[in-house]
Amino acid sequence: MLDIRLIREQPDFVKSRLATRGGEEAAKIDDVLRVDAERRKAETALQQLNADRKRLSKEIGAERAKGEATGETEARVREIGSEITRLGEQTTAFDDEQRALLLGIPNLPDESVPVGKEASENPVIRSGGDKPEPKGALDHVALGTKLKLFDLERAAKLSGSGFICFTGAGARLERALIQFMLDLHTREHGYLEMSPPFLVRRECMVGTTQLPKFEDDMYGLEEQQLFLAPTAEVPVTNFYREEILAASELPKKFVAYTPCFRREAGSAGRETRGIIRVHQFDKVELVKITTPEESKAEHKALTADAERVVQSLGLHYRVIELCTGDLGFGSAKTYDLEAWSPGQQAYLEVSSCSNYEDFQARRMNLRFKDTEGKNRFCHTLNGSGLALPRLFAALIETYQRADGSIAIPEKLQPYFGATEIR
RNA sequence: GGUGAGGUGGCUGAGUGGUCGAAAGCAGCGCUUUGCUAAAGCGCCGUACCUCAAAAGGGUACCGAGGGUUCGAAUCCCUCCCUCACCGCCA
């Protein structure tokens with residue numbers, strides 16, 4: 001959520017930043033300004049009436065104490081009272097309208113974000129790891145099916161298309177990757193491990209910006225008003241919602257493994273081969289809560305922490321930066337980490353590391369007390385560290401051997417308990 | 001799921017339908033006293049929003065949330081949420 005004061009004081013700046021995203025968002029700013037003006041007008045009038053009522057009511061108390069008649073004053077207060085009810089309803093309506101508008105406006109891209117319309121304009125920041133020779137590599141579906149690492153057909157029998165069931169060595173490899181990543185981030189990068197609930201309240205989904213705009217992409221249990229979290233970002237970032245943290249305890253760094261649930265409405269047929277886009281997948285997520293002063297540096301560090309995973313596993317990868325037109329709704333700046341898929345001769349997005357600045361914190365009222373004792377909004381960041389199915393695909397495709405077996409990277413062997421799959 | 005108790009400022013904890021934004025204590029900050037520490041004394045000490053060019057100042061709201069009763073609600077009524085205890089069920 002954007003700061004209403006910023007919108008009020010620098011509307012042209014806000015509009016021009018929003019315009020870099022493309023789309024119609026900038027036009028909504030005028031609606032916000034209009035409603036804000038009406039809201040304040042009604043609120044000021046309401047407060048004046050409240051003050052009048054308060055004063056007169058006290059007078060009644062004083063008059064009664066002296067044994068004087070109060071009928072006339074009571075009648076006046078009653079009149080004010082009905083006016084207060086009317087204006088109060090108006091104020092609330094403006095309030096709700098303003099909030100609804102603000103919830104639908106995306107974050108301002110950071111000044112440093114390259115301006116562009118779509119994904120093809122995302123610049124490559126750096127790349128790493130050796131790119132394996134093509135050598136007629138099988139893709140992960142052929143490979144996984146042959147070695148019985150997962151079973152897509154039977155998963156569909158259980159839950160429909162877009163679900164995966166890992167089996168045997170595949171299930172074990174997935175578990176090994178999770179354990180490996182959790183250990184890396186907790187032991188070497190200083191993150192605190194969390195194992196949060198997968199079902200969260202509506203407010204949490206609003207807090208981390210999945211709602212209200214993207215409800216169609218979420219699985220909800222309406223009767224209980226709970227949602228299946230599409231990422232651990234939701235429960236973990238909301239952990240301290242509505243709290244005021246001490247500056248000295250920042251940054252908070254969390255890592256959490258959870259399954260993620262996404263309806264992927266409207267995504268049918270897009271990048272859906274095999275296990276690249278599924279309705280339920282596992283992910284190890286990194287989350288940071290920090291100060292505005294430190295968030296940019298923490299963002300770079302978080303991206304580097306995610307990068308360590310692909311480096312340790314010996315995969316070829318690249319880091320790209322999302323241009324303004326491709327930036328997610330709540331993000332001010334995002335780096336994507338993409339692992340190379342020899343089978344598809346393409347890069348797969350395995351992590352998206354974003355700085356939300358105070359956009360989420362404002363929605364969830366997450367603040368910290370700075371060194372001068374002032375309450376300010378925190379900055380929140382998150383990134384995958386990493387997403388499992390795509391990492392799995394890139395890994396088995398990269399490490400397949402001519403005889404059809406798959407080598408296990410050295411760092412993973414202690415977790416997997418073997419040096420190869422055949 | 002059932003029964004009971006309860007949700008008040010950073011914490012503990014009072015609170016009569018009217019001068020309660022809320023006693024008191026603790027913690028915190030400042031000052032005084034003091035060779036230092038300690039102790040004592042005095043003062044300050046919530047958040048959000050509105051108003052104001054800004055500061056100062058003024059105002060409103062907030063005692064779990066939302067409604068209601070009333071001239072007036074932390075206080076009375078209703079609904080919901082949460083916490084605690086016990087019982088039941090259960091991996």
# chains A, B, ... in the order shown; residues from 1 in each chain; ligands from 1

call {"tool": "closest_atom_pairs", "arguments": {"of": "chain A", "to": "chain B", "cutoff": "7 Å", "atoms": "only C-alpha atoms (C1' of nucleotides)", "output": "Markdown table"}}
result
| residue | atom | partner | partner_atom | distance |
| --- | --- | --- | --- | --- |
| A:Glu43 | CA | B:C50 | C1' | 6.8 |
| A:Thr44 | CA | B:C50 | C1' | 5.7 |
| A:Gln47 | CA | B:U60 | C1' | 5.0 |
| A:Ser57 | CA | B:G72 | C1' | 5.3 |
| A:Lys58 | CA | B:G18 | C1' | 6.2 |
| A:Gly61 | CA | B:G18 | C1' | 5.2 |
| A:Glu74 | CA | B:C71 | C1' | 4.4 |
| A:Val77 | CA | B:C71 | C1' | 5.7 |
| A:Arg78 | CA | B:C71 | C1' | 6.2 |

call {"tool": "write_last_selection", "arguments": {"atoms": "C-alpha atoms", "output": "PDB file, in the first residue's frame"}}
result
ATOM      1  CA  GLU A  43     -13.818  13.764   8.945  1.00  0.00           C
ATOM      2  CA  THR A  44     -13.069  17.332   9.988  1.00  0.00           C
ATOM      3  CA  GLN A  47     -14.713  15.761  14.629  1.00  0.00           C
ATOM      4  CA  SER A  57     -22.830  16.129  27.414  1.00  0.00           C
ATOM      5  CA  LYS A  58     -20.462  17.222  30.126  1.00  0.00           C
ATOM      6  CA  GLY A  61     -23.658  16.179  33.867  1.00  0.00           C
ATOM      7  CA  GLU A  74     -30.425  17.081  25.762  1.00  0.00           C
ATOM      8  CA  VAL A  77     -27.227  16.920  21.756  1.00  0.00           C
ATOM      9  CA  ARG A  78     -29.760  14.514  20.289  1.00  0.00           C
TER      10      ARG A  78
END

call {"tool": "select_by_dssp", "arguments": {"residues": "range 180-311 of chain A", "states": "strand (DSSP E or B)", "output": "number ranges by chain"}}
result
A: 192-194, 199-201, 219-221, 226-228, 244-246, 252-261, 280-290

call {"tool": "atom_distance", "arguments": {"atom1": "CA of Ala45 in chain A", "atom2": "C1' of C62 in chain B"}}
result
19.0 Å

call {"tool": "closest_residue", "arguments": {"among": "A:Arg21, A:Ala176, A:Ser341, A:Glu420", "to": "Asp110 in chain A", "atoms": "only C-alpha atoms"}}
result
A:Arg21

call {"tool": "residues_around", "arguments": {"residues": "Gly325 in chain A", "least_positions_apart": "5", "cutoff": "6 Å", "atoms": "only C-alpha atoms (C1' of nucleotides)", "output": "number ranges by chain"}}
result
A: 21-22, 116-118

call {"tool": "atom_distance", "arguments": {"atom1": "CA of Thr237 in chain A", "atom2": "CA of Asp183 in chain A"}}
result
20.5 Å
